[in-house]
>>> print(open('target-v8.pdb').read())   # PDB, C-alpha atoms and all ligand atoms
ATOM      1  CA  MET I   1     173.219 -26.607  17.565
ATOM      2  CA  GLY I   2     175.394 -23.557  17.109
ATOM      3  CA  ARG I   3     178.796 -25.133  17.624
ATOM      4  CA  ILE I   4     182.102 -23.732  16.510
ATOM      5  CA  CYS I   5     184.045 -26.299  14.494
ATOM      6  CA  TYR I   6     187.612 -26.372  13.258
ATOM      7  CA  VAL I   7     188.424 -26.802   9.555
ATOM      8  CA  ASN I   8     191.961 -26.545   8.211
ATOM      9  CA  GLY I   9     193.207 -23.742  10.423
ATOM     10  CA  ASN I  10     189.916 -21.882  10.887
ATOM     11  CA  PHE I  11     187.291 -21.870  13.624
ATOM     12  CA  VAL I  12     183.912 -21.544  11.913
ATOM     13  CA  PRO I  13     180.198 -21.889  12.792
ATOM     14  CA  GLU I  14     179.088 -25.470  12.139
ATOM     15  CA  GLN I  15     176.901 -24.457   9.143
ATOM     16  CA  GLU I  16     180.078 -23.251   7.452
ATOM     17  CA  ALA I  17     182.229 -26.222   8.458
ATOM     18  CA  LYS I  18     182.629 -27.947   5.086
ATOM     19  CA  VAL I  19     185.122 -30.021   3.120
ATOM     20  CA  SER I  20     185.358 -30.727  -0.611
ATOM     21  CA  VAL I  21     183.502 -33.599  -2.333
ATOM     22  CA  PHE I  22     186.993 -34.567  -3.559
ATOM     23  CA  ASP I  23     188.283 -35.100  -0.019
ATOM     24  CA  ARG I  24     189.799 -38.589   0.172
ATOM     25  CA  GLY I  25     188.168 -39.190   3.530
ATOM     26  CA  PHE I  26     184.798 -38.808   1.802
ATOM     27  CA  LEU I  27     185.718 -40.792  -1.345
ATOM     28  CA  PHE I  28     187.841 -43.632   0.087
ATOM     29  CA  GLY I  29     187.630 -43.523   3.875
ATOM     30  CA  ASP I  30     191.290 -42.504   3.506
ATOM     31  CA  GLY I  31     191.567 -40.870   6.896
ATOM     32  CA  VAL I  32     192.154 -41.428  10.594
ATOM     33  CA  TYR I  33     190.565 -39.991  13.706
ATOM     34  CA  GLU I  34     190.756 -39.623  17.455
ATOM     35  CA  VAL I  35     188.169 -38.971  20.149
ATOM     36  CA  THR I  36     189.392 -37.241  23.299
ATOM     37  CA  PRO I  37     187.141 -36.970  26.358
ATOM     38  CA  VAL I  38     186.696 -33.667  28.171
ATOM     39  CA  ILE I  39     185.774 -33.469  31.853
ATOM     40  CA  LYS I  40     185.452 -30.189  33.754
ATOM     41  CA  GLY I  41     186.712 -28.447  30.613
ATOM     42  CA  LYS I  42     189.983 -30.445  30.636
ATOM     43  CA  LEU I  43     191.266 -32.943  28.085
ATOM     44  CA  VAL I  44     191.531 -36.479  29.520
ATOM     45  CA  ASP I  45     194.462 -38.757  28.597
ATOM     46  CA  TYR I  46     195.333 -36.455  25.661
ATOM     47  CA  PRO I  47     198.961 -37.638  25.180
ATOM     48  CA  ALA I  48     197.806 -41.237  24.613
ATOM     49  CA  HIS I  49     195.416 -40.119  21.863
ATOM     50  CA  ILE I  50     198.084 -38.064  20.118
ATOM     51  CA  GLU I  51     200.561 -40.928  20.322
ATOM     52  CA  ARG I  52     198.004 -43.220  18.683
ATOM     53  CA  LEU I  53     197.204 -40.583  16.032
ATOM     54  CA  GLY I  54     200.904 -40.506  15.189
ATOM     55  CA  ARG I  55     200.921 -44.275  14.845
ATOM     56  CA  SER I  56     197.821 -44.297  12.605
ATOM     57  CA  LEU I  57     199.337 -41.606  10.358
ATOM     58  CA  ARG I  58     202.640 -43.466  10.148
ATOM     59  CA  GLU I  59     200.996 -46.800   9.300
ATOM     60  CA  LEU I  60     199.057 -45.158   6.455
ATOM     61  CA  LYS I  61     202.019 -43.027   5.291
ATOM     62  CA  MET I  62     199.968 -39.906   5.866
ATOM     63  CA  ALA I  63     201.496 -36.546   6.773
ATOM     64  CA  TRP I  64     200.867 -34.759  10.068
ATOM     65  CA  PRO I  65     198.420 -31.929   9.329
ATOM     66  CA  CYS I  66     200.233 -29.496  11.670
ATOM     67  CA  THR I  67     202.632 -29.586  14.601
ATOM     68  CA  GLU I  68     201.730 -31.379  17.843
ATOM     69  CA  ALA I  69     201.752 -28.035  19.662
ATOM     70  CA  GLU I  70     199.285 -26.581  17.153
ATOM     71  CA  LEU I  71     197.070 -29.643  17.522
ATOM     72  CA  ARG I  72     196.960 -29.271  21.292
ATOM     73  CA  ALA I  73     196.260 -25.537  21.049
ATOM     74  CA  MET I  74     193.425 -26.279  18.592
ATOM     75  CA  HIS I  75     191.874 -28.793  21.039
ATOM     76  CA  GLU I  76     192.052 -26.299  23.904
ATOM     77  CA  GLU I  77     190.666 -23.477  21.805
ATOM     78  CA  LEU I  78     187.755 -25.658  20.671
ATOM     79  CA  VAL I  79     186.878 -26.443  24.302
ATOM     80  CA  LYS I  80     186.958 -22.713  25.111
ATOM     81  CA  LYS I  81     185.014 -21.522  22.063
ATOM     82  CA  ASN I  82     182.248 -24.058  22.752
ATOM     83  CA  ASN I  83     182.258 -23.660  26.555
ATOM     84  CA  LEU I  84     182.558 -27.429  26.708
ATOM     85  CA  THR I  85     182.638 -28.722  30.264
ATOM     86  CA  GLU I  86     181.840 -32.390  29.599
ATOM     87  CA  GLY I  87     181.853 -34.333  26.336
ATOM     88  CA  ILE I  88     184.298 -35.201  23.590
ATOM     89  CA  ILE I  89     186.422 -33.684  20.865
ATOM     90  CA  TYR I  90     186.336 -35.563  17.576
ATOM     91  CA  MET I  91     189.330 -34.901  15.307
ATOM     92  CA  GLN I  92     189.855 -36.282  11.800
ATOM     93  CA  VAL I  93     192.819 -36.166   9.451
ATOM     94  CA  THR I  94     192.471 -37.247   5.828
ATOM     95  CA  ARG I  95     194.958 -37.547   2.985
ATOM     96  CA  GLY I  96     193.467 -34.373   1.549
ATOM     97  CA  VAL I  97     191.675 -33.176  -1.547
ATOM     98  CA  ALA I  98     192.635 -34.433  -5.003
ATOM     99  CA  ASP I  99     190.969 -35.659  -8.201
ATOM    100  CA  ARG I 100     189.777 -39.222  -7.646
ATOM    101  CA  GLN I 101     192.518 -41.808  -8.107
ATOM    102  CA  PHE I 102     193.338 -44.731  -5.808
ATOM    103  CA  ASN I 103     197.088 -44.189  -5.339
ATOM    104  CA  PHE I 104     198.345 -41.358  -3.127
ATOM    105  CA  PRO I 105     198.192 -37.933  -4.778
ATOM    106  CA  LYS I 106     201.426 -35.906  -4.763
ATOM    107  CA  ASP I 107     201.932 -32.595  -2.928
ATOM    108  CA  VAL I 108     198.519 -32.580  -1.333
ATOM    109  CA  LYS I 109     197.966 -31.135   2.141
ATOM    110  CA  SER I 110     196.101 -33.246   4.699
ATOM    111  CA  THR I 111     192.633 -32.171   5.746
ATOM    112  CA  LEU I 112     192.187 -31.550   9.476
ATOM    113  CA  ILE I 113     188.755 -31.063  11.010
ATOM    114  CA  ALA I 114     187.499 -31.208  14.593
ATOM    115  CA  PHE I 115     184.287 -30.623  16.499
ATOM    116  CA  THR I 116     182.893 -31.000  19.999
ATOM    117  CA  GLN I 117     179.977 -33.101  21.255
ATOM    118  CA  VAL I 118     178.336 -32.452  24.606
ATOM    119  CA  MET I 119     177.900 -35.752  26.510
ATOM    120  CA  THR I 120     177.263 -36.868  30.053
ATOM    121  CA  LEU I 121     180.348 -38.947  30.693
ATOM    122  CA  VAL I 122     180.756 -39.084  34.472
ATOM    123  CA  ASP I 123     177.148 -39.488  35.540
ATOM    124  CA  ASN I 124     176.130 -41.662  32.590
ATOM    125  CA  PRO I 125     172.919 -43.405  33.733
ATOM    126  CA  ASN I 126     173.877 -46.568  31.787
ATOM    127  CA  ALA I 127     176.662 -47.139  34.302
ATOM    128  CA  ARG I 128     174.083 -47.761  37.042
ATOM    129  CA  THR I 129     172.190 -50.462  35.121
ATOM    130  CA  GLY I 130     174.861 -51.726  32.734
ATOM    131  CA  ILE I 131     174.259 -52.153  29.008
ATOM    132  CA  LYS I 132     173.068 -55.104  26.925
ATOM    133  CA  VAL I 133     175.034 -56.393  23.946
ATOM    134  CA  ILE I 134     174.662 -59.029  21.248
ATOM    135  CA  THR I 135     177.413 -60.885  19.402
ATOM    136  CA  THR I 136     177.786 -60.608  15.626
ATOM    137  CA  PRO I 137     180.370 -61.767  13.041
ATOM    138  CA  ASP I 138     183.397 -59.475  12.706
ATOM    139  CA  ILE I 139     183.396 -58.496   9.030
ATOM    140  CA  ARG I 140     186.101 -55.786   9.228
ATOM    141  CA  TRP I 141     189.385 -55.523   7.322
ATOM    142  CA  GLY I 142     192.771 -56.849   8.485
ATOM    143  CA  ARG I 143     194.234 -53.663  10.063
ATOM    144  CA  ARG I 144     191.824 -52.866  12.855
ATOM    145  CA  ASP I 145     194.753 -51.609  14.918
ATOM    146  CA  ILE I 146     194.691 -48.427  12.796
ATOM    147  CA  LYS I 147     192.001 -45.958  13.834
ATOM    148  CA  THR I 148     190.635 -45.239  10.360
ATOM    149  CA  VAL I 149     187.330 -43.601   9.460
ATOM    150  CA  MET I 150     186.312 -46.758   7.519
ATOM    151  CA  LEU I 151     183.704 -47.743  10.086
ATOM    152  CA  LEU I 152     180.964 -49.384   8.028
ATOM    153  CA  ALA I 153     181.176 -52.737   9.815
ATOM    154  CA  SER I 154     180.793 -50.925  13.140
ATOM    155  CA  VAL I 155     177.856 -48.924  11.801
ATOM    156  CA  LEU I 156     176.129 -52.160  10.712
ATOM    157  CA  GLY I 157     176.951 -53.918  13.989
ATOM    158  CA  LYS I 158     175.628 -51.060  16.120
ATOM    159  CA  GLN I 159     172.462 -50.831  13.989
ATOM    160  CA  GLU I 160     171.893 -54.587  14.321
ATOM    161  CA  ALA I 161     172.159 -54.134  18.093
ATOM    162  CA  VAL I 162     169.715 -51.225  18.127
ATOM    163  CA  ASP I 163     167.283 -53.159  15.878
ATOM    164  CA  LYS I 164     167.406 -55.985  18.435
ATOM    165  CA  GLY I 165     166.682 -53.581  21.287
ATOM    166  CA  VAL I 166     170.170 -53.525  22.862
ATOM    167  CA  THR I 167     172.998 -50.994  23.011
ATOM    168  CA  ASP I 168     175.970 -52.566  21.292
ATOM    169  CA  ALA I 169     177.488 -55.579  19.561
ATOM    170  CA  TRP I 170     180.602 -57.600  20.375
ATOM    171  CA  MET I 171     182.205 -58.889  17.208
ATOM    172  CA  VAL I 172     183.303 -62.503  16.738
ATOM    173  CA  GLN I 173     186.104 -63.892  14.567
ATOM    174  CA  ASP I 174     186.964 -67.617  14.409
ATOM    175  CA  GLY I 175     184.732 -68.264  17.404
ATOM    176  CA  LYS I 176     186.436 -65.654  19.614
ATOM    177  CA  ILE I 177     185.352 -62.166  20.652
ATOM    178  CA  THR I 178     187.449 -59.422  19.076
ATOM    179  CA  GLU I 179     185.962 -56.190  20.519
ATOM    180  CA  GLY I 180     182.852 -54.025  20.621
ATOM    181  CA  THR I 181     181.818 -51.901  17.620
ATOM    182  CA  SER I 182     183.516 -48.850  19.171
ATOM    183  CA  ASN I 183     185.080 -50.186  22.364
ATOM    184  CA  ASN I 184     187.272 -52.918  23.805
ATOM    185  CA  ALA I 185     185.595 -55.953  25.393
ATOM    186  CA  PHE I 186     186.369 -57.508  28.797
ATOM    187  CA  ILE I 187     184.972 -60.305  30.943
ATOM    188  CA  VAL I 188     185.669 -61.086  34.590
ATOM    189  CA  LYS I 189     185.930 -64.648  35.923
ATOM    190  CA  ASP I 190     186.942 -65.573  39.471
ATOM    191  CA  GLY I 191     188.209 -62.030  40.106
ATOM    192  CA  LYS I 192     190.444 -61.950  37.021
ATOM    193  CA  VAL I 193     189.844 -59.573  34.137
ATOM    194  CA  ILE I 194     190.152 -61.268  30.728
ATOM    195  CA  THR I 195     190.611 -59.432  27.422
ATOM    196  CA  ARG I 196     191.959 -60.122  23.947
ATOM    197  CA  PRO I 197     195.687 -59.330  23.486
ATOM    198  CA  LEU I 198     196.664 -56.482  21.152
ATOM    199  CA  SER I 199     197.240 -57.407  17.497
ATOM    200  CA  ASN I 200     195.999 -56.274  14.085
ATOM    201  CA  ASP I 201     192.603 -57.699  15.090
ATOM    202  CA  ILE I 202     191.625 -54.916  17.519
ATOM    203  CA  LEU I 203     192.169 -51.240  18.192
ATOM    204  CA  PRO I 204     194.695 -50.517  20.959
ATOM    205  CA  GLY I 205     192.264 -48.521  23.105
ATOM    206  CA  CYS I 206     193.631 -45.611  25.118
ATOM    207  CA  THR I 207     191.100 -46.436  27.842
ATOM    208  CA  ARG I 208     192.193 -50.080  27.725
ATOM    209  CA  ARG I 209     195.763 -48.918  28.272
ATOM    210  CA  ALA I 210     194.778 -46.684  31.201
ATOM    211  CA  LEU I 211     192.761 -49.558  32.668
ATOM    212  CA  PHE I 212     195.812 -51.853  32.550
ATOM    213  CA  ARG I 213     197.845 -49.265  34.470
ATOM    214  CA  LEU I 214     195.133 -48.665  37.080
ATOM    215  CA  ALA I 215     194.524 -52.407  37.512
ATOM    216  CA  LYS I 216     198.235 -52.941  38.146
ATOM    217  CA  GLU I 217     198.368 -50.092  40.664
ATOM    218  CA  HIS I 218     195.367 -51.498  42.539
ATOM    219  CA  GLY I 219     196.201 -55.209  42.435
ATOM    220  CA  VAL I 220     193.579 -56.303  39.896
ATOM    221  CA  GLU I 221     194.872 -59.121  37.691
ATOM    222  CA  ILE I 222     194.384 -58.873  33.914
ATOM    223  CA  VAL I 223     194.849 -61.908  31.677
ATOM    224  CA  GLU I 224     195.306 -61.237  27.966
ATOM    225  CA  ARG I 225     193.885 -64.159  26.015
ATOM    226  CA  LEU I 226     191.201 -64.977  23.477
ATOM    227  CA  PHE I 227     187.747 -65.822  24.824
ATOM    228  CA  THR I 228     184.568 -67.208  23.295
ATOM    229  CA  PRO I 229     181.004 -65.884  23.372
ATOM    230  CA  GLU I 230     180.105 -68.940  25.512
ATOM    231  CA  GLU I 231     182.720 -67.942  28.090
ATOM    232  CA  ALA I 232     181.340 -64.430  28.042
ATOM    233  CA  HIS I 233     177.806 -65.759  28.639
ATOM    234  CA  ALA I 234     179.109 -67.624  31.711
ATOM    235  CA  ALA I 235     181.291 -64.783  33.045
ATOM    236  CA  ASP I 236     180.849 -63.265  36.500
ATOM    237  CA  GLU I 237     180.989 -59.779  34.979
ATOM    238  CA  ALA I 238     181.581 -58.068  31.663
ATOM    239  CA  PHE I 239     182.405 -54.508  30.623
ATOM    240  CA  ILE I 240     183.607 -52.340  27.770
ATOM    241  CA  THR I 241     186.108 -49.486  27.657
ATOM    242  CA  SER I 242     186.255 -46.433  25.402
ATOM    243  CA  ALA I 243     187.051 -42.741  25.556
ATOM    244  CA  SER I 244     183.382 -41.788  25.789
ATOM    245  CA  GLN I 245     182.177 -44.677  27.988
ATOM    246  CA  PHE I 246     185.273 -45.071  30.197
ATOM    247  CA  VAL I 247     184.496 -48.391  31.909
ATOM    248  CA  MET I 248     180.896 -49.389  31.193
ATOM    249  CA  PRO I 249     179.390 -52.536  32.757
ATOM    250  CA  VAL I 250     177.702 -55.058  30.434
ATOM    251  CA  THR I 251     174.880 -56.939  32.152
ATOM    252  CA  GLU I 252     173.423 -58.981  29.290
ATOM    253  CA  ILE I 253     175.050 -60.742  26.326
ATOM    254  CA  ASP I 254     172.878 -62.401  23.651
ATOM    255  CA  GLY I 255     169.905 -62.290  26.029
ATOM    256  CA  LYS I 256     171.848 -64.020  28.834
ATOM    257  CA  ARG I 257     172.153 -62.137  32.092
ATOM    258  CA  ILE I 258     175.688 -61.613  33.354
ATOM    259  CA  GLY I 259     176.356 -61.510  37.088
ATOM    260  CA  GLY I 260     172.649 -61.606  37.945
ATOM    261  CA  GLY I 261     171.997 -58.692  35.588
ATOM    262  CA  GLN I 262     173.716 -56.084  37.790
ATOM    263  CA  PRO I 263     177.037 -54.239  37.300
ATOM    264  CA  GLY I 264     179.628 -56.287  39.188
ATOM    265  CA  PRO I 265     182.173 -55.167  41.802
ATOM    266  CA  VAL I 266     185.255 -55.303  39.546
ATOM    267  CA  SER I 267     183.557 -53.285  36.778
ATOM    268  CA  ARG I 268     182.300 -50.718  39.279
ATOM    269  CA  LYS I 269     185.680 -50.415  40.950
ATOM    270  CA  MET I 270     187.516 -49.975  37.650
ATOM    271  CA  ARG I 271     185.033 -47.305  36.542
ATOM    272  CA  GLU I 272     185.443 -45.484  39.841
ATOM    273  CA  LEU I 273     189.249 -45.578  39.625
ATOM    274  CA  PHE I 274     189.155 -44.269  36.078
ATOM    275  CA  LEU I 275     186.735 -41.456  36.917
ATOM    276  CA  ASP I 276     188.694 -40.461  40.027
ATOM    277  CA  GLU I 277     191.812 -40.046  37.962
ATOM    278  CA  ALA I 278     190.063 -38.314  35.036
ATOM    279  CA  GLN I 279     188.346 -35.811  37.323
ATOM    280  CA  LYS I 280     191.593 -34.890  39.026
ATOM    281  CA  GLY I 281     192.629 -33.467  35.623
TER     282      GLY I 281
HETATM  283  C1  LIG G 301     186.843 -50.562  17.399
HETATM  284  C2  LIG G 301     187.222 -49.820  18.632
HETATM  285  N1  LIG G 301     187.817 -50.486  19.641
HETATM  286  C3  LIG G 301     188.166 -49.869  20.782
HETATM  287  C4  LIG G 301     187.909 -48.509  20.973
HETATM  288  C5  LIG G 301     188.296 -47.855  22.278
HETATM  289  O1  LIG G 301     189.387 -47.007  22.135
HETATM  290  P1  LIG G 301     189.591 -45.781  23.137
HETATM  291  O2  LIG G 301     189.595 -46.346  24.515
HETATM  292  O3  LIG G 301     190.881 -45.198  22.757
HETATM  293  O4  LIG G 301     188.424 -44.856  22.900
HETATM  294  C6  LIG G 301     187.310 -47.768  19.939
HETATM  295  C7  LIG G 301     187.061 -46.337  20.087
HETATM  296  O5  LIG G 301     186.544 -45.669  19.232
HETATM  297  C8  LIG G 301     186.959 -48.444  18.743
HETATM  298  O6  LIG G 301     186.366 -47.789  17.726
END
>>> encode(input="target-v8.pdb", output="structure tokens")
Amino acid sequence: MGRICYVNGNFVPEQEAKVSVFDRGFLFGDGVYEVTPVIKGKLVDYPAHIERLGRSLRELKMAWPCTEAELRAMHEELVKKNNLTEGIIYMQVTRGVADRQFNFPKDVKSTLIAFTQVMTLVDNPNARTGIKVITTPDIRWGRRDIKTVMLLASVLGKQEAVDKGVTDAWMVQDGKITEGTSNNAFIVKDGKVITRPLSNDILPGCTRRALFRLAKEHGVEIVERLFTPEEAHAADEAFITSASQFVMPVTEIDGKRIGGGQPGPVSRKMRELFLDEAQKG
């Protein structure tokens, strides 16, 4: 693959990009992360991701690994060193390296790593057909609003989806959809976009936030309320949002076709608006 990765202040070939077996991210999932999209070599919506990183660190009483200016410079340098035109930057901060004990170690420096992934974001072929999802019980912990690297429930949910021949899973708690395994979930009914309100139950998606702003600017109504899988099955349209998918239409849920099995007008419009803005840089 030949990428250049970032590890604690150094840019190194990916074969040399290593952290200790005593890293708390590895031992406890004691770490947080962000994924920032890159289009035409430019970071998309970067300030929102850094704001959320700050929130995740604060909630977990974890130290910043460096200054915000250094973090931005590192992102830009990584794009340059890898000639990345389109894809993502994954960045992870952990509580650092210390002998294994549950409580926080003292005087330990955070670990900061980052790497790039090349992806087709704008012309993603899935956007033309839409994706299929299943629903599955939400078995995650009680602070899903923090973007931690403890993603086992999402790994299992996504694998269940793949085993069933679809792309993703929408998770269900107390009979209501929470979100997708790595994205926020939306349905459209009678021209209105419906999505779960923010709480500890879901991640406050940066793309979700951008979508709210764009919808407001373009007169699309969003209603924040809980909704059931049955409502989703009967929706006119459905879609997901995330940093790597932007707005991605969902055309089948639990084997039931949504909107005749084609990406609907609201989903397509929201994707277009998002891409227009992202490509302007
Ligand atoms: C559980 C979950 N919800 C929502 C999102 C979407 O967040 P964003 O739009 O910031 O990528 C993600 C992204 O990784 C996620 O993991």
>>> residues_near_ligand(input="target-v8.pdb", ligand="ligand LIG 301 (chain G)", cutoff="10 Å", atoms="all atoms listed in the file", output="ChimeraX atom specification")
/I:33-37,45,48-49,52,140,144-149,151,153-154,170-171,178-185,201-211,240-247
>>> resolve_selection(input="target-v8.pdb", expression="the PyMOL selection byres (((chain I and resi 13) around 7) and not hetatm)", output="MDAnalysis selection string")
chainID I and resid 2:5 12 14:17
>>> closest_residue(input="target-v8.pdb", among="I:Lys80, I:Lys18, I:Lys164, I:His233", to="Val188 (chain I)", atoms="all atoms listed in the file")
I:His233
>>> closest_residue(input="target-v8.pdb", among="I:Glu224, I:Asp276, I:Asp168, I:Asp23", to="Val193 (chain I)", atoms="all atoms listed in the file")
I:Glu224
>>> atom_distance(input="target-v8.pdb", atom1="CA of Val93 (chain I)", atom2="CA of Tyr46 (chain I)")
16.4 Å
>>> decode(input="target-v8.pdb", residues="region 90-105 of chain I", atoms="C-alpha atoms", output="CSV table (one decimal), in the first residue's frame")
chain,number,residue,atom,x,y,z
I,90,TYR,CA,-8.5,8.7,10.2
I,91,MET,CA,-7.1,10.1,13.4
I,92,GLN,CA,-7.0,8.4,16.8
I,93,VAL,CA,-6.1,9.6,20.3
I,94,THR,CA,-5.7,7.2,23.2
I,95,ARG,CA,-4.9,7.7,26.9
I,96,GLY,CA,-1.4,6.5,26.1
I,97,VAL,CA,1.0,3.7,27.1
I,98,ALA,CA,1.1,2.4,30.7
I,99,ASP,CA,1.3,-0.9,32.5
I,100,ARG,CA,-2.2,-2.4,32.5
I,101,GLN,CA,-4.5,-1.0,35.2
I,102,PHE,CA,-8.1,0.1,34.9
I,103,ASN,CA,-7.8,3.6,36.5
I,104,PHE,CA,-6.1,6.4,34.6
I,105,PRO,CA,-2.3,6.3,34.7
